[in-house]
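Below is one structure, written out as structure tokens, with a few remarks after it.
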Amino acid sequence: MKKAAVRGLLAAFVLAGSVLEGGLAKAVVSYDLKARLRPETRTVEGSETLTWLNDSGTAAPELRFHLYLNAFRNNRSTFMVERGALASTSARPAEDWGGIEVKSLRVAGGQDLTSALEFIQPDDGNADDRTVARLPLPAPVPPGGRITVEIEFASRLPKVIARSGYIGEFYLVGQWFPKLGVFRDGGWNCHQYHASSEFFADFGLFKAELTVPAAYVVGATGKRVSERANPDGTKTYTHYQDDVHDFAWTACPDFREFRERFVLDDPKVDTEMILLVHRAHLGIKDRYARALRQGIEFYSRSYGAYPFPTITLVDPAPGAVDAGGMEYPTFFTADAASYVPVGIRMPEMVTIHEFGHNYWYGMVGSNEFEEAWLDEGINTYSEIKAMDRYYGGDRSMIDWGGLRIGEIPYQRLSVIGSGRFDPILKYSWDFIGPASYALNVYAKAGLMLLTLERMLGEPIMAGVMRTYFETWKFRHPTSRDFIRVAEDVSGRDLGWFFDQALSSPDKLDYGISDLHAYEIAPPAGGPGAIPGPLEGKASRRLRSEVTVARYGEMIFPQEILVTFENGDKVREFWDGRDRWKRFVYDREVRVRSAEVDPDHRLLLDVNWLNNSRVIEAGSAAPAKFGTGLLKWFQGLLSFLAP
Amino acid sequence: MRVMNVLSHAFLGLKDAGRRPKTIAALWLVNLLCALPLYLLFTASFGAALGASGLARGLAAKSDMNAVVEVLTGSGAALRDTLLTAAILIAVHELAAIFLAGGVLHTLRTDVEPRPFAAAFFLGGGRFYGRFLRLGIFSLLLWLPAGVLFIIFDGILSAVQSDPNREQLGFILTLARYAFALALFQLIRMISDYARIRIAVRDSRDTLAELGRAILFVGGRFGRTLGLYVLLALAGLAVLVAFGILDSSLAKTNPAAIFAGFVLTQIFVAARGGLRIASLSAQRGFFLQETRAGEGEASGPTVPASAGAAQHPRGEVDQRPEELHAGAERDADQAERQQEKPDERIQDQHEKGQGPADDEQNQP
């Protein structure tokens, strides 16, 4: 108790002394939060003292807040409409809805300005959407000026949806308090809550006092600096973290807490892994722990040391599927069920991916609304590399019952089968649908970066990624910043690459359209048609023709490997601009096979089947798989027969 | 004693099936013929999808699921055609299997004059086709009480799993639900088997009534009918396990190994066919033992009481399993020897309406 009190005092001192003086990031905001969970009403009663620094060169006449829980207020919010909630079949019971209500709002201890708060809809004009509110200020905040706002609010938690809410006694409290947008370029960047994206906020200091029934186990962003038991049967936990831009927490009496220190020498990492594993999932606790260790090690060694003192993994309760796989600073939710076989690596993949967001989102604070690929795409790229490294490229997703599938083919699945409606770079709510958003922002962007890596070479790409992280951590980069870093580090003009891969929905597809050989006829013809000296002297010659075609719109330089029957190999290069290109060889042997992109560098190529062609097609593969199918089908028939 | 009786019927059923290679061959052949179009379609479409791609060479040498995924993703139309064809072929096979069941049960009869195997088999298949088809439709009615049973079972499990946090228990109970559904499926199959046997033995045309009587029959001897069914199902499981072990030991990376896999599959399918015959024979023997004289084969045109049968005062036939199967074995042997002697007498009786219930195909 004494120790806790000392810690509390220390934290208060640190917070008071360093407001707006964060360690690694320029602290633009400071939140002092107080929250009390009332399980009987599924609500959080809260208050916050917010200090904001106008870090721009323009005076701010108003503040804009995210009030994200209002996305779950009814089926007319932009979030729910985008999710298809207007359809009568998707009705939710009344008790499943949530929302946030601002009880009072005062600037610098002045009068209550709640009535001045106005809901606005900057993205779509949906008058039913209440996820963004503006507060006209009595006086503008000048450049370099600060403002302190005190807010009291009540958050009614929805039944788990979009990685927030409750189910049973499990609570995931995210997007739960009034949070400022980002003031930049002379205005507020404060988007409504959309179905496909969540985050953009300024870095700062977060302190939170969380009061819950004593039986609840609590986890939260940042380090726990104190805890105390209250006379009313509750406990209060205080967490603190600087250099972050959000705060989330969880509470559940069925959590089992596991703590493990993680230390790395190069680079220097010393952090505490906190695993909150639901008692139904204790069997997979070791899988979580191992994957988290792998994630910290991989990201630290690849991009830069993990700098925070804690990392908290939350295992959602059974049935809380919508709570799984969500990132918050120093805190994330994993996703697993107790019966997932060891060889199905979904828990590992989700753990590594969500931890990775501490880099691409947590530290490199790009704008997910407008350029989601900068966190989801880059993180998918990183996650694929980590999974392939630790589990093997040919089995990083599934290695179970003789079935082995790597993550690259898994990600290619969605890209291959996709339509050509959207480019990767687009506002998240402007995609034709959630599937298009997901495949572009996650899979296609991840494969785009892997393609870039295979084009530049792994060491150069490693340099690109590390430089990007070092340059832009605790800042707000854009796609242009990433491209600039890539060009600077590689020393190459990559505009053509990103123009097509990032900004265009076009597909990449090159292939061998024709391959054949024939014997060249001996010289023949009328008198004088062929010079005399050649007559009778030419040995048997074969002409081989290889035609390479561009089936898609994207233009990429191509490498072609031509193999002859005597084993000779020739590598050809083609700029890939025309629709086709033919290579002709006159030799004593004929061509045996030809293949574009023989090293499979172009992971964005939507059809690898047409990449290669052999002069004599075999039937062994169809027969082999046909026999396998026959086996299963005959077995099925014999089982079903009456 | 009852356990031994059930074991004895199972054993004799297996023995009986072993004596009927032609019947097994018929079942195997129909299975293969129904499956072959799918094989041909798949290899053709898969081959067309692969074309002359170099990827095919790699796939032939090594089963790389990553490459398979690549191929399948780019072969949507071929996959659609394959699945559609598979569905059609399953339906065709189901209809053919109804014919086969009639053939099998007819050749198991001991009360008909011997005739060539093919003639007996096709006669039986044709004679009972309409009735077995109707039976198949009527047996759909059994899914109503089965559905009610499943709902009750599901309700009980849901009550057991009141705590959603007990995820492991939930998973086990989900498996239990699947197992219960499978058990209901098999139970309906078993009842349908006894209904078919009743129809074949009594040459009855009242399929709905026979289905009802089959339910009563199974209900009255549930332990033994189920025991017999499970015994033979376990034999089937043993065959499946043996096949799985042998099949997985084949590398299938060269044409010889692929062919060996194909041959092994055919042996497996033939073994499954044999077990099906064994199942029908064993259940038929059990049924004959359990039923009374006027209800059994005595209804046929010729009533050769087995040598070892003891006539009860009220006409009940009390036979030991060996005796019941002995007649069938005799009959099978005779049929398999393909005695080319047309049974004109029975044919005449059919034409005169004196024989067993008229074949539906013979009616105007």
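Residue numbers start at 1 in each chain; chains themselves are named A, B, ... in the order of the structure tokens; ligands are numbered from 1 in the order shown.
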
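Near chain A, within 6 Å and counting only C-alpha atoms, the residues of chain B are B:Tyr39, B:Thr43, B:Phe46, B:Gly47, B:Ala52, B:Ser53, B:Gly54, B:Ala56, B:Leu59, B:Ala60, B:Asn66, B:Glu94, B:Ala97, B:Asn165, B:Arg166, B:Glu167, B:Thr265.
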
For the selection you just gave me, I'd like the residues written to a file as a CSV table (one decimal), in the first residue's frame, keeping N, CA and C atoms.
chain,number,residue,atom,x,y,z
B,39,TYR,N,-13.6,-37.3,-62.7
B,39,TYR,CA,-12.2,-37.4,-62.9
B,39,TYR,C,-11.8,-36.8,-64.3
B,43,THR,N,-9.6,-33.5,-64.7
B,43,THR,CA,-8.3,-33.5,-65.3
B,43,THR,C,-8.2,-32.7,-66.6
B,46,PHE,N,-8.5,-29.0,-65.3
B,46,PHE,CA,-7.3,-28.6,-64.6
B,46,PHE,C,-6.1,-28.6,-65.5
B,47,GLY,N,-6.1,-29.5,-66.5
B,47,GLY,CA,-5.1,-29.5,-67.5
B,47,GLY,C,-5.1,-28.3,-68.3
B,52,ALA,N,0.3,-25.3,-70.8
B,52,ALA,CA,1.7,-25.7,-70.9
B,52,ALA,C,2.6,-25.0,-69.9
B,53,SER,N,1.9,-24.6,-68.8
B,53,SER,CA,2.6,-23.9,-67.8
B,53,SER,C,3.7,-24.7,-67.1
B,54,GLY,N,4.8,-24.1,-66.9
B,54,GLY,CA,5.9,-24.8,-66.2
B,54,GLY,C,5.5,-25.2,-64.8
B,56,ALA,N,3.1,-26.8,-63.9
B,56,ALA,CA,2.6,-28.2,-63.9
B,56,ALA,C,3.7,-29.2,-63.5
B,59,LEU,N,4.3,-29.2,-59.9
B,59,LEU,CA,3.2,-29.8,-59.2
B,59,LEU,C,3.2,-31.3,-59.3
B,60,ALA,N,3.6,-31.8,-60.5
B,60,ALA,CA,3.7,-33.3,-60.6
B,60,ALA,C,4.7,-33.9,-59.8
B,66,ASN,N,0.8,-24.4,-51.9
B,66,ASN,CA,0.9,-23.0,-52.3
B,66,ASN,C,0.7,-22.8,-53.8
B,94,GLU,N,-27.0,-42.0,-56.4
B,94,GLU,CA,-28.0,-42.3,-55.4
B,94,GLU,C,-29.1,-43.1,-56.1
B,97,ALA,N,-27.8,-46.5,-56.9
B,97,ALA,CA,-27.6,-47.3,-55.7
B,97,ALA,C,-29.0,-47.9,-55.2
B,165,ASN,N,-18.2,-19.0,-21.1
B,165,ASN,CA,-16.7,-18.9,-20.9
B,165,ASN,C,-16.1,-20.3,-21.0
B,166,ARG,N,-16.9,-21.3,-20.8
B,166,ARG,CA,-16.3,-22.7,-20.9
B,166,ARG,C,-16.2,-23.1,-22.3
B,167,GLU,N,-15.3,-22.5,-23.0
B,167,GLU,CA,-15.1,-22.6,-24.4
B,167,GLU,C,-14.8,-24.0,-24.8
B,265,THR,N,-7.4,-47.3,-54.2
B,265,THR,CA,-8.7,-46.7,-54.0
B,265,THR,C,-9.8,-47.7,-54.5

Quiz prompt | Neighbour list for Tyr381 in chain A as a PyMOL selection string, cut-off 10 Å, only C-alpha atoms, skip fewer than 3 positions in-chain | solution = chain A and resi 353+375-378+384-386+408+442-450

Mind writing the picked residues with C-alpha atoms as a short mmCIF file (atom, residue, chain, number, x, y, z; two decimals), in the first residue's frame?
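In the end it all went to part.cif:
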data_model
loop_
_atom_site.label_atom_id
_atom_site.label_comp_id
_atom_site.auth_asym_id
_atom_site.auth_seq_id
_atom_site.Cartn_x
_atom_site.Cartn_y
_atom_site.Cartn_z
CA HIS A 353 0.36 -8.09 -36.47
CA ASP A 375 -0.13 1.47 -41.06
CA GLU A 376 -2.08 -1.59 -42.23
CA GLY A 377 -0.13 -2.22 -45.41
CA ILE A 378 3.31 -1.61 -43.97
CA ILE A 384 4.56 -11.50 -43.39
CA LYS A 385 8.31 -11.15 -42.99
CA ALA A 386 8.12 -11.99 -39.30
CA ILE A 408 2.36 -14.88 -49.16
CA TYR A 442 -3.75 -4.90 -46.19
CA ALA A 443 -2.93 -7.59 -48.73
CA LYS A 444 -2.13 -5.63 -51.86
CA ALA A 445 -0.14 -3.00 -50.00
CA GLY A 446 1.81 -5.70 -48.17
CA LEU A 447 2.57 -7.48 -51.42
CA MET A 448 3.46 -4.17 -53.06
CA LEU A 449 6.16 -3.61 -50.46
CA LEU A 450 7.41 -7.18 -50.81
#

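Closest to Arg38 in chain A among A:Val141, A:Val321, A:Ala501, A:Ala154 is A:Ala154, based on only C-alpha atoms.
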
Quiz item: as an NGL selection string, which residues of range 451-632 of chain A does DSSP assign to strand (DSSP E or B)?
Solution: :A and (475 or 508 or 510-519 or 542-550 or 558-564 or 569-574 or 580-587 or 591-596 or 605 or 612-614)

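Of note, CA of Phe498 in chain A and CA of Ala438 in chain A are spaced 18.9 Å apart.
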
Quiz item: Neighbours of Ala26 in chain B within 9 Å (only C-alpha atoms; same-chain residues fewer than 4 positions away dropped), as number ranges by chain?
Solution: B: 21-22, 30-31, 100, 273

Can you write just those residues out, C-alpha atoms, as a PDB file, in the first residue's frame?
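Result went into selection_20.pdb, see below:
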ATOM      1  CA  PRO B  21     -17.506 -61.290 -55.773  1.00  0.00           C
ATOM      2  CA  LYS B  22     -19.779 -60.494 -58.687  1.00  0.00           C
ATOM      3  CA  VAL B  30     -21.270 -48.480 -60.613  1.00  0.00           C
ATOM      4  CA  ASN B  31     -19.305 -46.430 -58.129  1.00  0.00           C
ATOM      5  CA  LEU B 100     -28.229 -51.910 -56.661  1.00  0.00           C
ATOM      6  CA  GLY B 273     -19.227 -52.522 -51.335  1.00  0.00           C
TER       7      GLY B 273
END

Exercise. Find the residues near range 187-191 of chain B: any atom within 8 Å, counting only C-alpha atoms, skip ones fewer than 5 places away on the same chain, and give them as a list in words.
Key: Pro642 of chain A; Ser139, Leu142, Trp143, Leu211, Ala214, Ile215, Val218 and Tyr229 of chain B

Could you write out that same residue set with C-alpha atoms as a PDB file, in the first residue's frame?
ATOM      1  CA  PRO A 642     -28.505 -46.016 -49.646  1.00  0.00           C
TER       2      PRO A 642
ATOM      3  CA  SER B 139     -38.118 -42.168 -45.201  1.00  0.00           C
ATOM      4  CA  LEU B 142     -38.256 -39.855 -40.416  1.00  0.00           C
ATOM      5  CA  TRP B 143     -36.279 -36.623 -40.440  1.00  0.00           C
ATOM      6  CA  LEU B 211     -41.354 -48.503 -43.170  1.00  0.00           C
ATOM      7  CA  ALA B 214     -39.380 -51.512 -39.744  1.00  0.00           C
ATOM      8  CA  ILE B 215     -39.519 -48.757 -37.151  1.00  0.00           C
ATOM      9  CA  VAL B 218     -35.932 -51.732 -34.772  1.00  0.00           C
ATOM     10  CA  TYR B 229     -25.118 -52.088 -37.294  1.00  0.00           C
TER      11      TYR B 229
END

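Residue neighbourhood of Tyr437 in chain A, excluding near-sequence residues (fewer than 4 positions): Ser196, Asp422, Ile424, Lys426, Ser428, Trp429, Asp430, Phe431, Ile432, Gly433, Val441 and Tyr442 of chain A, at 9 Å, using only C-alpha atoms.
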
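CA of Glu383 in chain A is found 25.1 Å from CA of Asp506 in chain A.
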
Exercise. Looking only at alpha helix (DSSP H) from DSSP on the backbone, list the matching residues of range 231-261 of chain B as an NGL selection string.
Key: :B and (231-248 or 255-261)

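Taking CA of Gly285 in chain B and CA of His9 in chain B as the two end points, the separation is 6.6 Å.
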